[in-house]
Amino acid sequence: MTAPGIHTEEFQVNMGPHHPSTHGVCRFILTMDGEVIIKAEPVIGYLHRALEKICENRTYQQCIPVLDRFEYCTSMSCNEAFALAAEKLGGLEVPERAEYLRVIMLELNRIASHLIWFGTTSLDLGAITPFLYGFREREDILDLFEMTCGQRLTYNYIRVGGVAKDIPPEFIPKCKEFLDKFDAKVDDYERVLTENPIFIVRNKDIGVLTPEMAIAYAVSGPSLRASGVKFDLRKDDPYSIYDRFNFNIPVTHNGDCYDRYLIRIAEMRESARIVRQAIEQIPEGEIAAKVSMNYKPPEGEVYSRIENSRGEMGVYIQSPGKEKKPLRVKLRGGSYNQLQVMPELVKGHKIADVVAIMASLDIILPEVDR
Amino acid sequence: MKKLIDAVKNLVIGLLTTGKHLGRHAVTLQYPKEKWEMPERSRGIVVLLSDEETGELNCTVCMLCARACPSYAIRIEYEKDEKKKRHLKDFIVDYNVCCFCGLCEDVCNFAAIKLAPKYEFSTLDKSDLIWHTDKLQEMGRDVPYEKPVRKKAVAKPAVKPAAKPITSETENKSTAGPEKTTEDKPVEKPETKSETEQPETKTPDKPEANVPVEIENKDENDKPAGEQI
Amino acid sequence: MEITGIFKYLYEQLVATGLSQTWVEIISLVVAAVIVFGFLAVMALFLVWWERKVSGHIQQRFGPMMTGWHGWRQTIADAVKLLQKEDITPSTVDRPVFYWAPIICFVAAFVAYVTIPFGKGLIVSDLNIGILFIIAITTFTIISLLMAGWGSNNKYALLGGMRSAAQVVSYEVPMVVAVLAVVLFAGSMSMVDIVQSQAKIYQWYIFRLPFGPIAFIIYIIAATAETNRTPFDIPEAEQELVAGFNIEYSGMKFAMFFLAEFVNMFTVSAIAATLFLGGWQGPWLPSWMWFLIKSLALVFVFMWFRWTYPRLRVDQLMEFSWKFLLPVAFANLILAGWMKYSGWFNW
């Protein structure tokens, strides 16, 4: 690439923790030769809040608001992962209505999280407008959450044994209204970005993740499905009542940024389908098993995992038996593995592609750093 | 050539899609002048509720909220009189750490504490964010709530289901989690207590109020309220 | 020196008062400069406000609303704020280079207005090399970008400066070739002549198929790149390099770059309106109003592009310019030449 006789040197650029496009505080030390990246080294830990240690000093119900902050874009999933683990430990049976409510909230939260992803991806690539369009839809979802549990971001709603509160009567009509117009809005988003030649040329064949590499690094979620591996915990290891719903798992085969984009857009539509079915089928009943504030499960250890919008989210709890606080809580988040695979993906690309790849992998730093 | 035409067509479609929003009305609110109507369950600031007639606080200093708070934001100072009953000296909520999770509201059996749908309380000084009883009570005066229905005491003593030690009866069924609605707090959370720690002196419970799973809570003597850990 | 336009009117008035020749020239130059500068300063203020409103409404929000009716005083408030800001100059910068960069950018943006006709007879000086003069002056901005990048003594600024210099130079060429097609057809480089050759609406160069629309589109794309607007705004790519070459500038110096960008945007729109859309001509309304309407319509198109499209990567941008735009522009020029030579298209 360089003419003979010209001396060039590699130099290091710090894509620092304060950066508008590293979704959170993540630092990359990029070794570059001109515009091309030779090596990228991520430095993490800027957002470490010792959540696992905090959980060792809290009762099980108190852990739920703490773990809300584990990944605040999909707070319901964090609640669910922990609640599933705690229920498995104690052998609790969750009532039907609670299960349906959980699924509705989880899928709405998945749509909300994908809307954040959509907004930030287009923002990173320079198209600022779809960010606001995505957030306009997200406002409707957050209004639904607010009317149910009172909060818009960290819900503390899915508790051990069931859910905290029942949905108010105006929830279902408003939800139906949202779902009716949501498909048309997603079509709008696609019209602005999907076939846009500039978007395509920025994303096609950038950051190609082969299926072997994805499996080796334990990447999960939409990034894995974009590489051609059809694996979704909702179908392959069903938890809660996902086996009662009809939905598809979108899979593509190229593994580049454009495919990951297409998969997430398709997932938004599928989630809307699931919510629609859940609203039809929801039965009456109790919303929670009777669980005390100081829940004391018997001794044991359990690992439970769910399909988050960023991959597999898992919680491992070790209980010493008859204690109201867990002995050890270990959290697994999908973004960690995707951040690990990033240095492989950016080799040979240019600095503008680092941003595009990071956006398409949908990495959130709180999940990496806990 | 076809690719070129497709590219141009898609560029123009993109322009038209954003262009059609020019004709639509904005979806944003002009905040200080127009405010959003908060839903009734919205979790805003913590307030202390008072009785409508007498104006006194509903709080009986049972310390459950202080124990339930995951951020240790609630600190209660009390004094005991000759009958070992607690009287409230100061109820302090530290908004520097409160995470607005609502667990304190969920465990309270007396409708004494609630998260009201108010959110405008920013200050310029961190120390102004530590609120004491008077401010909490004043902010709670116009917050509507449902008074929990207290059942009359039934004859004691409770017949305990077999094989359960008397002392460690169930938890106050102030189950932090599962509640149907905010209104009907199952008030009969009666526990007989024999421990000094146990806050309520309520009527004995009915058998079905027992939690099927967890049993004792012998070690209620962790953090007496009032101390931050 | 040729005396035409406003200048001519002033000149004659002053000669009538009996001052000496040099004084008359100096005074009339100064007055003309002040008038143009005043107009452009107001226009820059207006454009900043308009951009914010347009972007707001495209995004279904309001934009500035608090400062005056629909926020019309917002830019003034911003300018006052920028004046109050501390002018931080890092200690390791190359001082003369750092200080002169924004000044050169600002000056280059304004000097181009010497030959732009604001209306019938409203031109500072109708040079007979009008469009060539404008193109030559607008290349000064490249120098200022390079100076800003180098003088800031910062890796990010240097990267940004080099990229933007490469970009502007690459897009100058297709722009000039597209303009050449129009000049070829009009037969003159003087702006007033070019406008007068578009006397009827079907004679506007944008409608002179087939070379007109192609030249217009090439010019618009190249102009977007010249003024560093999305989809070509690599130098200001906040998301990657955090403001590129003006990363170390604060306060009034930053304001100069910022205003120069908006003035440049108006310049290229004005040139496009003059060359392709018939300049000041139009029925019923006064000529300067038509000029403003046409220029502002094109400015709106630029803003619309900015808020719709993502940005191109720098190598894709260069590839697009050299491998696609330039050959098309040359082919277009040859086509225009043939059309003029054949004489069949002279309507």
# chains A, B, ... in the order shown; residues from 1 in each chain; ligands from 1
call {"tool": "closest_atom_pairs", "arguments": {"of": "chain A", "to": "chain B", "cutoff": "8 Å", "atoms": "only C-alpha atoms", "output": "JSON lines"}}
result
{"residue": "A:Arg58", "atom": "CA", "partner": "B:Pro70", "partner_atom": "CA", "distance": 6.8}
{"residue": "A:Gln61", "atom": "CA", "partner": "B:Ala176", "partner_atom": "CA", "distance": 6.8}
{"residue": "A:Gln62", "atom": "CA", "partner": "B:Pro70", "partner_atom": "CA", "distance": 5.4}
{"residue": "A:Cys63", "atom": "CA", "partner": "B:Pro70", "partner_atom": "CA", "distance": 7.5}
{"residue": "A:Pro65", "atom": "CA", "partner": "B:Cys101", "partner_atom": "CA", "distance": 6.1}
{"residue": "A:Val66", "atom": "CA", "partner": "B:Pro70", "partner_atom": "CA", "distance": 7.4}
{"residue": "A:Gly90", "atom": "CA", "partner": "B:Val213", "partner_atom": "CA", "distance": 7.6}
{"residue": "A:Thr129", "atom": "CA", "partner": "B:Thr18", "partner_atom": "CA", "distance": 7.9}
{"residue": "A:Arg136", "atom": "CA", "partner": "B:Val27", "partner_atom": "CA", "distance": 7.7}
{"residue": "A:Glu146", "atom": "CA", "partner": "B:Ser42", "partner_atom": "CA", "distance": 6.2}
{"residue": "A:Met147", "atom": "CA", "partner": "B:Pro39", "partner_atom": "CA", "distance": 5.6}
{"residue": "A:Thr148", "atom": "CA", "partner": "B:Arg41", "partner_atom": "CA", "distance": 7.0}
{"residue": "A:Cys149", "atom": "CA", "partner": "B:Arg41", "partner_atom": "CA", "distance": 6.4}
{"residue": "A:Gly150", "atom": "CA", "partner": "B:Ser42", "partner_atom": "CA", "distance": 3.7}
{"residue": "A:Gln151", "atom": "CA", "partner": "B:Arg43", "partner_atom": "CA", "distance": 6.0}
{"residue": "A:Thr154", "atom": "CA", "partner": "B:Cys101", "partner_atom": "CA", "distance": 7.9}
{"residue": "A:Tyr155", "atom": "CA", "partner": "B:Cys101", "partner_atom": "CA", "distance": 7.4}
{"residue": "A:Asn156", "atom": "CA", "partner": "B:Cys101", "partner_atom": "CA", "distance": 6.1}
{"residue": "A:Arg159", "atom": "CA", "partner": "B:Gly177", "partner_atom": "CA", "distance": 5.6}
{"residue": "A:Val160", "atom": "CA", "partner": "B:Gly177", "partner_atom": "CA", "distance": 6.9}
{"residue": "A:Gly161", "atom": "CA", "partner": "B:Pro178", "partner_atom": "CA", "distance": 7.1}
{"residue": "A:Gly162", "atom": "CA", "partner": "B:Pro178", "partner_atom": "CA", "distance": 6.3}
{"residue": "A:Val163", "atom": "CA", "partner": "B:Pro178", "partner_atom": "CA", "distance": 6.0}
{"residue": "A:Ala164", "atom": "CA", "partner": "B:Pro178", "partner_atom": "CA", "distance": 4.9}
{"residue": "A:Lys165", "atom": "CA", "partner": "B:Lys180", "partner_atom": "CA", "distance": 5.3}
{"residue": "A:Asp166", "atom": "CA", "partner": "B:Lys180", "partner_atom": "CA", "distance": 5.7}
{"residue": "A:Asp188", "atom": "CA", "partner": "B:Thr17", "partner_atom": "CA", "distance": 7.0}
{"residue": "A:Arg191", "atom": "CA", "partner": "B:Gly14", "partner_atom": "CA", "distance": 5.9}
{"residue": "A:Val192", "atom": "CA", "partner": "B:Gly14", "partner_atom": "CA", "distance": 4.4}
{"residue": "A:Leu193", "atom": "CA", "partner": "B:Gly14", "partner_atom": "CA", "distance": 7.3}
{"residue": "A:Glu195", "atom": "CA", "partner": "B:Asn10", "partner_atom": "CA", "distance": 6.1}
{"residue": "A:Asn196", "atom": "CA", "partner": "B:Asn10", "partner_atom": "CA", "distance": 5.6}
{"residue": "A:Pro197", "atom": "CA", "partner": "B:Ala7", "partner_atom": "CA", "distance": 5.6}
{"residue": "A:Glu286", "atom": "CA", "partner": "B:Lys180", "partner_atom": "CA", "distance": 7.5}
{"residue": "A:Ile287", "atom": "CA", "partner": "B:Lys180", "partner_atom": "CA", "distance": 6.4}
{"residue": "A:Ala288", "atom": "CA", "partner": "B:Pro178", "partner_atom": "CA", "distance": 4.9}
{"residue": "A:Ala289", "atom": "CA", "partner": "B:Pro178", "partner_atom": "CA", "distance": 6.8}
{"residue": "A:Lys290", "atom": "CA", "partner": "B:Val211", "partner_atom": "CA", "distance": 5.9}
{"residue": "A:Val291", "atom": "CA", "partner": "B:Thr175", "partner_atom": "CA", "distance": 6.2}
{"residue": "A:Ser292", "atom": "CA", "partner": "B:Thr175", "partner_atom": "CA", "distance": 4.4}
{"residue": "A:Met293", "atom": "CA", "partner": "B:Thr175", "partner_atom": "CA", "distance": 4.6}
{"residue": "A:Asn294", "atom": "CA", "partner": "B:Glu171", "partner_atom": "CA", "distance": 7.4}
{"residue": "A:Tyr295", "atom": "CA", "partner": "B:Glu214", "partner_atom": "CA", "distance": 5.9}
{"residue": "A:Lys296", "atom": "CA", "partner": "B:Glu214", "partner_atom": "CA", "distance": 5.6}
{"residue": "A:Pro297", "atom": "CA", "partner": "B:Glu214", "partner_atom": "CA", "distance": 7.1}
call {"tool": "interface_residues", "arguments": {"of": "chain C", "to": "chain B", "cutoff": "7 Å", "atoms": "only C-alpha atoms", "output": "list of chain:residue names"}}
result
C:His57, C:Ile58, C:Gln60, C:Arg61, C:Phe62, C:Thr308
call {"tool": "write_last_selection", "arguments": {"atoms": "N, CA and C atoms", "output": "PDB file, in the first residue's frame"}}
result
ATOM      1  N   HIS C  57     -38.624  19.743  12.653  1.00  0.00           N
ATOM      2  CA  HIS C  57     -39.894  19.274  12.126  1.00  0.00           C
ATOM      3  C   HIS C  57     -39.767  17.984  11.353  1.00  0.00           C
ATOM      4  N   ILE C  58     -38.621  17.745  10.743  1.00  0.00           N
ATOM      5  CA  ILE C  58     -38.436  16.443  10.106  1.00  0.00           C
ATOM      6  C   ILE C  58     -38.443  15.357  11.174  1.00  0.00           C
ATOM      7  N   GLN C  60     -40.117  15.430  13.849  1.00  0.00           N
ATOM      8  CA  GLN C  60     -41.374  15.537  14.600  1.00  0.00           C
ATOM      9  C   GLN C  60     -41.197  16.150  15.965  1.00  0.00           C
ATOM     10  N   ARG C  61     -40.367  17.153  16.038  1.00  0.00           N
ATOM     11  CA  ARG C  61     -40.298  17.919  17.272  1.00  0.00           C
ATOM     12  C   ARG C  61     -40.260  19.371  16.864  1.00  0.00           C
ATOM     13  N   PHE C  62     -40.138  20.291  17.818  1.00  0.00           N
ATOM     14  CA  PHE C  62     -40.324  21.678  17.438  1.00  0.00           C
ATOM     15  C   PHE C  62     -39.058  22.430  17.069  1.00  0.00           C
ATOM     16  N   THR C 308     -31.572  13.140   6.253  1.00  0.00           N
ATOM     17  CA  THR C 308     -32.098  11.858   5.806  1.00  0.00           C
ATOM     18  C   THR C 308     -31.021  10.805   5.656  1.00  0.00           C
TER      19      THR C 308
END
call {"tool": "select_by_dssp", "arguments": {"residues": "range 9-103 of chain B", "states": "strand (DSSP E)", "output": "list in words"}}
result
Val46, Val47, Leu48, Ile74, Arg75, Ile76, Glu77, Tyr78, Glu79, Lys80, Arg86, His87, Leu88, Lys89, Asp90, Phe91, Ile92, Val93 and Asp94 of chain B
call {"tool": "write_last_selection", "arguments": {"atoms": "N, CA and C atoms", "output": "PDB file, in the first residue's frame"}}
result
ATOM      1  N   VAL B  46     -40.818   9.402  47.428  1.00  0.00           N
ATOM      2  CA  VAL B  46     -41.369   8.698  48.570  1.00  0.00           C
ATOM      3  C   VAL B  46     -42.044   9.731  49.466  1.00  0.00           C
ATOM      4  N   VAL B  47     -43.278   9.465  49.860  1.00  0.00           N
ATOM      5  CA  VAL B  47     -43.950  10.390  50.770  1.00  0.00           C
ATOM      6  C   VAL B  47     -44.534   9.591  51.919  1.00  0.00           C
ATOM      7  N   LEU B  48     -44.762  10.290  53.019  1.00  0.00           N
ATOM      8  CA  LEU B  48     -45.404   9.655  54.163  1.00  0.00           C
ATOM      9  C   LEU B  48     -46.859  10.068  54.179  1.00  0.00           C
ATOM     10  N   ILE B  74     -33.626   4.587  53.659  1.00  0.00           N
ATOM     11  CA  ILE B  74     -34.553   4.990  54.710  1.00  0.00           C
ATOM     12  C   ILE B  74     -33.881   4.781  56.049  1.00  0.00           C
ATOM     13  N   ARG B  75     -33.953   5.789  56.843  1.00  0.00           N
ATOM     14  CA  ARG B  75     -33.392   5.683  58.187  1.00  0.00           C
ATOM     15  C   ARG B  75     -34.456   6.164  59.138  1.00  0.00           C
ATOM     16  N   ILE B  76     -34.749   5.356  60.139  1.00  0.00           N
ATOM     17  CA  ILE B  76     -35.833   5.714  61.050  1.00  0.00           C
ATOM     18  C   ILE B  76     -35.258   5.829  62.454  1.00  0.00           C
ATOM     19  N   GLU B  77     -35.535   6.918  63.080  1.00  0.00           N
ATOM     20  CA  GLU B  77     -35.116   7.092  64.477  1.00  0.00           C
ATOM     21  C   GLU B  77     -36.352   7.074  65.353  1.00  0.00           C
ATOM     22  N   TYR B  78     -36.294   6.268  66.353  1.00  0.00           N
ATOM     23  CA  TYR B  78     -37.475   6.106  67.201  1.00  0.00           C
ATOM     24  C   TYR B  78     -37.056   6.032  68.637  1.00  0.00           C
ATOM     25  N   GLU B  79     -38.046   6.147  69.517  1.00  0.00           N
ATOM     26  CA  GLU B  79     -37.766   5.910  70.937  1.00  0.00           C
ATOM     27  C   GLU B  79     -38.866   5.024  71.495  1.00  0.00           C
ATOM     28  N   LYS B  80     -38.486   4.255  72.450  1.00  0.00           N
ATOM     29  CA  LYS B  80     -39.456   3.311  73.009  1.00  0.00           C
ATOM     30  C   LYS B  80     -39.958   3.865  74.323  1.00  0.00           C
ATOM     31  N   ARG B  86     -42.989   1.665  70.034  1.00  0.00           N
ATOM     32  CA  ARG B  86     -42.101   2.626  69.398  1.00  0.00           C
ATOM     33  C   ARG B  86     -42.840   3.883  68.971  1.00  0.00           C
ATOM     34  N   HIS B  87     -42.160   4.993  69.142  1.00  0.00           N
ATOM     35  CA  HIS B  87     -42.698   6.272  68.650  1.00  0.00           C
ATOM     36  C   HIS B  87     -41.683   6.887  67.718  1.00  0.00           C
ATOM     37  N   LEU B  88     -42.197   7.479  66.714  1.00  0.00           N
ATOM     38  CA  LEU B  88     -41.313   7.981  65.676  1.00  0.00           C
ATOM     39  C   LEU B  88     -40.667   9.291  66.085  1.00  0.00           C
ATOM     40  N   LYS B  89     -39.357   9.298  65.982  1.00  0.00           N
ATOM     41  CA  LYS B  89     -38.665  10.566  66.222  1.00  0.00           C
ATOM     42  C   LYS B  89     -38.380  11.270  64.906  1.00  0.00           C
ATOM     43  N   ASP B  90     -37.769  10.521  63.998  1.00  0.00           N
ATOM     44  CA  ASP B  90     -37.447  11.150  62.718  1.00  0.00           C
ATOM     45  C   ASP B  90     -37.426  10.083  61.640  1.00  0.00           C
ATOM     46  N   PHE B  91     -37.986  10.414  60.520  1.00  0.00           N
ATOM     47  CA  PHE B  91     -38.025   9.488  59.386  1.00  0.00           C
ATOM     48  C   PHE B  91     -37.244  10.161  58.278  1.00  0.00           C
ATOM     49  N   ILE B  92     -36.147   9.566  57.910  1.00  0.00           N
ATOM     50  CA  ILE B  92     -35.250  10.237  56.966  1.00  0.00           C
ATOM     51  C   ILE B  92     -35.159   9.413  55.695  1.00  0.00           C
ATOM     52  N   VAL B  93     -35.388  10.055  54.582  1.00  0.00           N
ATOM     53  CA  VAL B  93     -35.209   9.393  53.294  1.00  0.00           C
ATOM     54  C   VAL B  93     -34.093  10.123  52.561  1.00  0.00           C
ATOM     55  N   ASP B  94     -33.135   9.374  52.126  1.00  0.00           N
ATOM     56  CA  ASP B  94     -31.991   9.980  51.454  1.00  0.00           C
ATOM     57  C   ASP B  94     -32.155   9.809  49.952  1.00  0.00           C
TER      58      ASP B  94
END
call {"tool": "closest_residue", "arguments": {"among": "A:Tyr258, A:Phe231, A:Tyr133, A:Phe171", "to": "chain C", "atoms": "only C-alpha atoms"}}
result
A:Tyr133
call {"tool": "interface_residues", "arguments": {"of": "chain C", "to": "chain A", "cutoff": "10 Å", "atoms": "only C-alpha atoms", "output": "count of residues only"}}
result
32
call {"tool": "residues_around", "arguments": {"residues": "Phe178 in chain A", "least_positions_apart": "3", "cutoff": "10 Å", "atoms": "only C-alpha atoms", "output": "number ranges by chain"}}
result
A: 137, 140-141, 144, 172-175, 181-183, 272
call {"tool": "residues_around", "arguments": {"residues": "range 247-254 of chain A", "least_positions_apart": "4", "cutoff": "10 Å", "atoms": "only C-alpha atoms", "output": "MDAnalysis selection string"}}
result
chainID A and resid 204:205 208:211 222:232 234:235 242:243 258:260 262:267 269:274 277
call {"tool": "write_last_selection", "arguments": {"atoms": "N, CA and C atoms", "output": "compact mmCIF listing (two decimals), in the first residue's frame"}}
result
# COMPACT_ATOMS: atom_id res chain seq x y z
N LYS A 204 -22.57 -3.51 4.16
CA LYS A 204 -22.44 -4.83 3.55
C LYS A 204 -20.98 -5.23 3.57
N ASP A 205 -20.74 -6.49 3.92
CA ASP A 205 -19.39 -7.06 3.95
C ASP A 205 -18.47 -6.37 4.94
N VAL A 208 -17.55 -9.25 9.00
CA VAL A 208 -18.17 -10.54 8.74
C VAL A 208 -17.80 -11.51 9.85
N LEU A 209 -18.82 -12.05 10.47
CA LEU A 209 -18.60 -12.98 11.58
C LEU A 209 -18.96 -14.36 11.08
N THR A 210 -17.97 -15.24 10.96
CA THR A 210 -18.26 -16.58 10.46
C THR A 210 -18.93 -17.39 11.57
N PRO A 211 -19.72 -18.39 11.19
CA PRO A 211 -20.40 -19.18 12.23
C PRO A 211 -19.41 -19.87 13.18
N PRO A 222 -29.06 -12.16 18.23
CA PRO A 222 -29.19 -11.83 16.81
C PRO A 222 -27.86 -11.88 16.07
N SER A 223 -26.77 -11.59 16.73
CA SER A 223 -25.48 -11.63 16.02
C SER A 223 -25.16 -13.05 15.59
N LEU A 224 -25.56 -14.03 16.43
CA LEU A 224 -25.29 -15.41 16.06
C LEU A 224 -26.20 -15.83 14.92
N ARG A 225 -27.46 -15.40 15.01
CA ARG A 225 -28.40 -15.81 13.97
C ARG A 225 -28.08 -15.16 12.65
N ALA A 226 -27.42 -14.02 12.67
CA ALA A 226 -27.04 -13.40 11.40
C ALA A 226 -25.94 -14.18 10.71
N SER A 227 -25.20 -14.99 11.46
CA SER A 227 -24.13 -15.76 10.84
C SER A 227 -24.61 -17.10 10.35
N GLY A 228 -25.89 -17.38 10.49
CA GLY A 228 -26.41 -18.62 9.93
C GLY A 228 -26.69 -19.70 10.94
N VAL A 229 -26.42 -19.47 12.22
CA VAL A 229 -26.67 -20.52 13.20
C VAL A 229 -28.05 -20.29 13.79
N LYS A 230 -28.93 -21.26 13.58
CA LYS A 230 -30.29 -21.04 14.03
C LYS A 230 -30.41 -21.51 15.47
N PHE A 231 -30.20 -20.60 16.38
CA PHE A 231 -30.25 -20.97 17.79
C PHE A 231 -30.92 -19.84 18.54
N ASP A 232 -32.05 -20.15 19.12
CA ASP A 232 -32.78 -19.16 19.90
C ASP A 232 -33.32 -19.87 21.13
N ARG A 234 -35.60 -19.31 23.03
CA ARG A 234 -37.04 -19.39 23.18
C ARG A 234 -37.59 -20.63 22.51
N LYS A 235 -36.87 -21.12 21.49
CA LYS A 235 -37.33 -22.34 20.84
C LYS A 235 -36.50 -23.55 21.24
N TYR A 242 -43.09 -19.92 26.31
CA TYR A 242 -42.84 -19.59 24.93
C TYR A 242 -43.25 -20.68 23.96
N ASP A 243 -43.40 -21.91 24.45
CA ASP A 243 -43.77 -22.95 23.51
C ASP A 243 -45.22 -22.85 23.09
N TYR A 258 -24.95 -5.70 7.80
CA TYR A 258 -26.25 -5.50 7.18
C TYR A 258 -27.20 -6.61 7.59
N ASP A 259 -26.68 -7.83 7.67
CA ASP A 259 -27.53 -8.93 8.09
C ASP A 259 -27.99 -8.78 9.51
N ARG A 260 -27.11 -8.33 10.37
CA ARG A 260 -27.52 -8.16 11.76
C ARG A 260 -28.61 -7.11 11.85
N LEU A 262 -30.84 -6.54 9.47
CA LEU A 262 -32.08 -7.11 8.97
C LEU A 262 -32.72 -8.03 10.00
N ILE A 263 -31.88 -8.78 10.70
CA ILE A 263 -32.42 -9.72 11.69
C ILE A 263 -33.14 -8.95 12.80
N ARG A 264 -32.56 -7.88 13.25
CA ARG A 264 -33.22 -7.19 14.36
C ARG A 264 -34.52 -6.53 13.93
N ILE A 265 -34.55 -6.04 12.71
CA ILE A 265 -35.81 -5.47 12.24
C ILE A 265 -36.87 -6.56 12.19
N ALA A 266 -36.48 -7.75 11.68
CA ALA A 266 -37.44 -8.85 11.62
C ALA A 266 -37.87 -9.28 13.01
N GLU A 267 -36.91 -9.24 13.96
CA GLU A 267 -37.27 -9.65 15.32
C GLU A 267 -38.28 -8.72 15.94
N ARG A 269 -40.67 -7.31 14.45
CA ARG A 269 -41.99 -7.69 13.96
C ARG A 269 -42.47 -8.97 14.63
N GLU A 270 -41.55 -9.92 14.84
CA GLU A 270 -41.95 -11.17 15.47
C GLU A 270 -42.39 -10.94 16.90
N SER A 271 -41.69 -10.07 17.60
CA SER A 271 -42.09 -9.79 18.98
C SER A 271 -43.49 -9.20 19.02
N ALA A 272 -43.78 -8.35 18.06
CA ALA A 272 -45.13 -7.78 18.04
C ALA A 272 -46.16 -8.89 17.85
N ARG A 273 -45.81 -9.89 17.03
CA ARG A 273 -46.73 -11.02 16.86
C ARG A 273 -46.96 -11.76 18.16
N ILE A 274 -45.86 -11.97 18.90
CA ILE A 274 -46.00 -12.71 20.15
C ILE A 274 -46.89 -11.95 21.12
N GLN A 277 -50.49 -12.35 20.29
CA GLN A 277 -51.06 -13.65 20.68
C GLN A 277 -51.23 -13.74 22.19
call {"tool": "atom_distance", "arguments": {"atom1": "CA of Val169 in chain C", "atom2": "CA of Leu184 in chain C"}}
result
22.7 Å
call {"tool": "residues_around", "arguments": {"residues": "Glu86 in chain C", "least_positions_apart": "6", "cutoff": "9 Å", "atoms": "only C-alpha atoms", "output": "ChimeraX atom specification"}}
result
/C:250-252
call {"tool": "write_last_selection", "arguments": {"atoms": "C-alpha atoms", "output": "short mmCIF file (atom, residue, chain, number, x, y, z; two decimals), in the first residue's frame"}}
result
data_model
loop_
_atom_site.label_atom_id
_atom_site.label_comp_id
_atom_site.auth_asym_id
_atom_site.auth_seq_id
_atom_site.Cartn_x
_atom_site.Cartn_y
_atom_site.Cartn_z
CA SER C 250 -13.70 27.22 21.19
CA GLY C 251 -15.47 30.52 21.51
CA MET C 252 -15.37 32.99 18.70
#
call {"tool": "atom_distance", "arguments": {"atom1": "CA of Ile26 in chain C", "atom2": "CA of Tyr9 in chain C"}}
result
14.2 Å
call {"tool": "residues_around", "arguments": {"residues": "range 326-328 of chain C", "least_positions_apart": "6", "cutoff": "12 Å", "atoms": "only C-alpha atoms", "output": "PDB file with C-alpha atoms, in the first residue's frame"}}
result
ATOM      1  CA  SER C 170     -11.622  15.612  -5.019  1.00  0.00           C
ATOM      2  CA  TYR C 171     -15.021  17.179  -5.370  1.00  0.00           C
ATOM      3  CA  GLU C 172     -13.788  20.448  -6.823  1.00  0.00           C
ATOM      4  CA  VAL C 173     -13.007  18.746 -10.083  1.00  0.00           C
ATOM      5  CA  PRO C 174     -16.438  17.343 -10.986  1.00  0.00           C
ATOM      6  CA  MET C 175     -18.008  20.565  -9.783  1.00  0.00           C
ATOM      7  CA  VAL C 176     -15.858  22.639 -12.086  1.00  0.00           C
ATOM      8  CA  VAL C 177     -16.485  20.330 -15.013  1.00  0.00           C
ATOM      9  CA  ALA C 178     -20.240  20.500 -14.436  1.00  0.00           C
ATOM     10  CA  ALA C 181     -20.807  22.613 -19.319  1.00  0.00           C
ATOM     11  CA  PHE C 211     -27.012  17.818 -20.267  1.00  0.00           C
ATOM     12  CA  ILE C 214     -27.109  15.855 -15.185  1.00  0.00           C
ATOM     13  CA  ALA C 215     -24.921  18.885 -14.685  1.00  0.00           C
ATOM     14  CA  ILE C 217     -27.240  16.867 -10.089  1.00  0.00           C
ATOM     15  CA  ILE C 218     -23.485  16.606 -10.308  1.00  0.00           C
ATOM     16  CA  TYR C 219     -23.182  20.155  -9.104  1.00  0.00           C
ATOM     17  CA  ILE C 221     -23.636  16.435  -5.075  1.00  0.00           C
ATOM     18  CA  ALA C 222     -20.277  18.100  -5.419  1.00  0.00           C
ATOM     19  CA  MET C 318     -13.233   9.447  -2.805  1.00  0.00           C
ATOM     20  CA  GLU C 319     -14.074   6.441  -4.895  1.00  0.00           C
ATOM     21  CA  PHE C 320     -17.436   7.914  -5.702  1.00  0.00           C
ATOM     22  CA  ILE C 334     -18.633  16.486 -24.225  1.00  0.00           C
ATOM     23  CA  LEU C 335     -22.355  16.142 -24.700  1.00  0.00           C
TER      24      LEU C 335
END
call {"tool": "atom_distance", "arguments": {"atom1": "CA of Leu40 in chain C", "atom2": "CA of Leu292 in chain C"}}
result
12.0 Å
call {"tool": "decode", "arguments": {"residues": "range 175-186 of chain C", "atoms": "C-alpha atoms", "output": "compact mmCIF listing (two decimals), in the first residue's frame"}}
result
# COMPACT_ATOMS: atom_id res chain seq x y z
CA MET C 175 -18.01 20.57 -9.78
CA VAL C 176 -15.86 22.64 -12.09
CA VAL C 177 -16.48 20.33 -15.01
CA ALA C 178 -20.24 20.50 -14.44
CA VAL C 179 -20.09 24.27 -14.30
CA LEU C 180 -17.99 24.25 -17.44
CA ALA C 181 -20.81 22.61 -19.32
CA VAL C 182 -23.04 25.55 -18.47
CA VAL C 183 -20.34 28.07 -19.28
CA LEU C 184 -19.77 26.36 -22.60
CA PHE C 185 -23.38 26.67 -23.49
CA ALA C 186 -23.71 30.22 -22.29
